[in-house]
Amino acid sequence: MAKFKLTMVLLSLCMLSAINLFAQGEMSDEDQQQKIIKVCSLNSTEANQEFQRNVQLLRAQRQKVIELKAEIDNTKKKRDKKKIQKELDGLLLKLNENNQTMFKTYGFSLTRNYTQIIEQSHVYMLVSDIEADKFNELQGESSESTSEE
């Protein structure tokens with residue numbers, strides 16, 4: 001009788017554990033569903049260029065950190081390791097500061113993946129002054145005709 005009760009308790013515990021694991025698995029699936037959210041808008045060409053420069057700077061700093069870590073691993077002399085470690089510590093400090101600034105400014109962090117979507121685009125062409133005047137006249141006429149309708 002005692003063996004039967006013990007077996008039933010163990011089976012019950014196994015079932016509860018399985019149900020718990022299944023529920024956690026479902027919760028993690030829900031957590032893994034992701035949405036795209038807008039974190040900032042760059043309202044000018046200059047703002048976009050500055051953003052791109054800043055992202056490139058962060059990525060270059062991160063790459064340098066990776067290279068310095070590999071250099072430390074490959075260096076045998078303690079003196080050289082200390083020198084590289086000092087450089088690495090300074091670079092990590094600067095990288096973290098820059099990453100925080102980018103997050104505050106743009107909502108951008110090296111720890112995330114981003115998609116940049118062009119929401120507005122302008123098309124330009126090189127023309128002479130005479131062509132520009134003719135084009136502006138045509139644009140003026142077309143905007144007047146649409147406003148009259």
# chains A, B, ... in the order shown; residues from 1 in each chain; ligands from 1
$ closest_atom_pairs --of "segment 32-73 of chain A" --to "segment 96-119 of chain A" --cutoff "10 Å" --atoms "only C-alpha atoms" --output "CSV"
residue,atom,partner,partner_atom,distance
A:Ile36,CA,A:Thr115,CA,8.7
A:Ile37,CA,A:Tyr114,CA,9.8
A:Lys38,CA,A:Gly107,CA,9.1
A:Val39,CA,A:Gly107,CA,5.4
A:Cys40,CA,A:Tyr106,CA,5.6
A:Ser41,CA,A:Tyr106,CA,8.2
A:Leu42,CA,A:Tyr106,CA,8.9
A:Asn43,CA,A:Glu119,CA,9.9
A:Phe51,CA,A:Tyr106,CA,8.2
A:Asn54,CA,A:Met102,CA,7.8
A:Val55,CA,A:Met102,CA,8.3
A:Leu57,CA,A:Asn98,CA,9.0
A:Leu58,CA,A:Asn99,CA,7.1
A:Arg59,CA,A:Leu110,CA,7.8
A:Gln61,CA,A:Asn98,CA,9.5
A:Arg62,CA,A:Leu110,CA,8.6
$ residues_around --residues "Gln85 of chain A" --least-positions-apart "4" --cutoff "9 Å" --atoms "only C-alpha atoms" --output "list in words"
Leu68, Lys69, Ile72, Asp80, Lys81, Asp89 and Gly90 of chain A
$ atom_distance --atom1 "atom CA of Leu92 of chain A" --atom2 "atom CA of Ala70 of chain A"
14.4 Å
$ closest_residue --among "A:Glu71, A:Phe135, A:Arg53, A:Glu141" --to "Lys83 of chain A" --atoms "only C-alpha atoms"
A:Glu71
$ atom_distance --atom1 "atom CA of Asp129 of chain A" --atom2 "atom CA of Glu46 of chain A"
25.3 Å
$ decode --residues "segment 81-109 of chain A" --atoms "C-alpha atoms" --output "compact mmCIF listing (two decimals), in the first residue's frame"
# COMPACT_ATOMS: atom_id res chain seq x y z
CA LYS A 81 48.97 42.12 -21.26
CA LYS A 82 48.72 44.91 -18.68
CA LYS A 83 49.35 47.54 -21.36
CA ILE A 84 46.70 46.07 -23.66
CA GLN A 85 44.28 45.63 -20.74
CA LYS A 86 44.69 49.30 -19.82
CA GLU A 87 43.91 50.30 -23.42
CA LEU A 88 40.96 47.89 -23.46
CA ASP A 89 39.54 49.28 -20.19
CA GLY A 90 39.70 52.84 -21.53
CA LEU A 91 38.08 51.83 -24.80
CA LEU A 92 35.32 49.90 -23.01
CA LEU A 93 34.58 52.93 -20.85
CA LYS A 94 34.36 55.17 -23.92
CA LEU A 95 32.27 52.59 -25.81
CA ASN A 96 29.79 52.32 -22.93
CA GLU A 97 29.53 56.12 -22.70
CA ASN A 98 28.96 56.42 -26.44
CA ASN A 99 26.42 53.59 -26.40
CA GLN A 100 24.47 55.32 -23.60
CA THR A 101 24.56 58.62 -25.50
CA MET A 102 23.27 56.89 -28.64
CA PHE A 103 20.47 55.30 -26.64
CA LYS A 104 19.45 58.61 -25.09
CA THR A 105 19.66 60.43 -28.43
CA TYR A 106 18.27 57.88 -30.88
CA GLY A 107 17.04 54.89 -28.89
CA PHE A 108 19.94 52.94 -30.46
CA SER A 109 22.08 50.40 -28.63
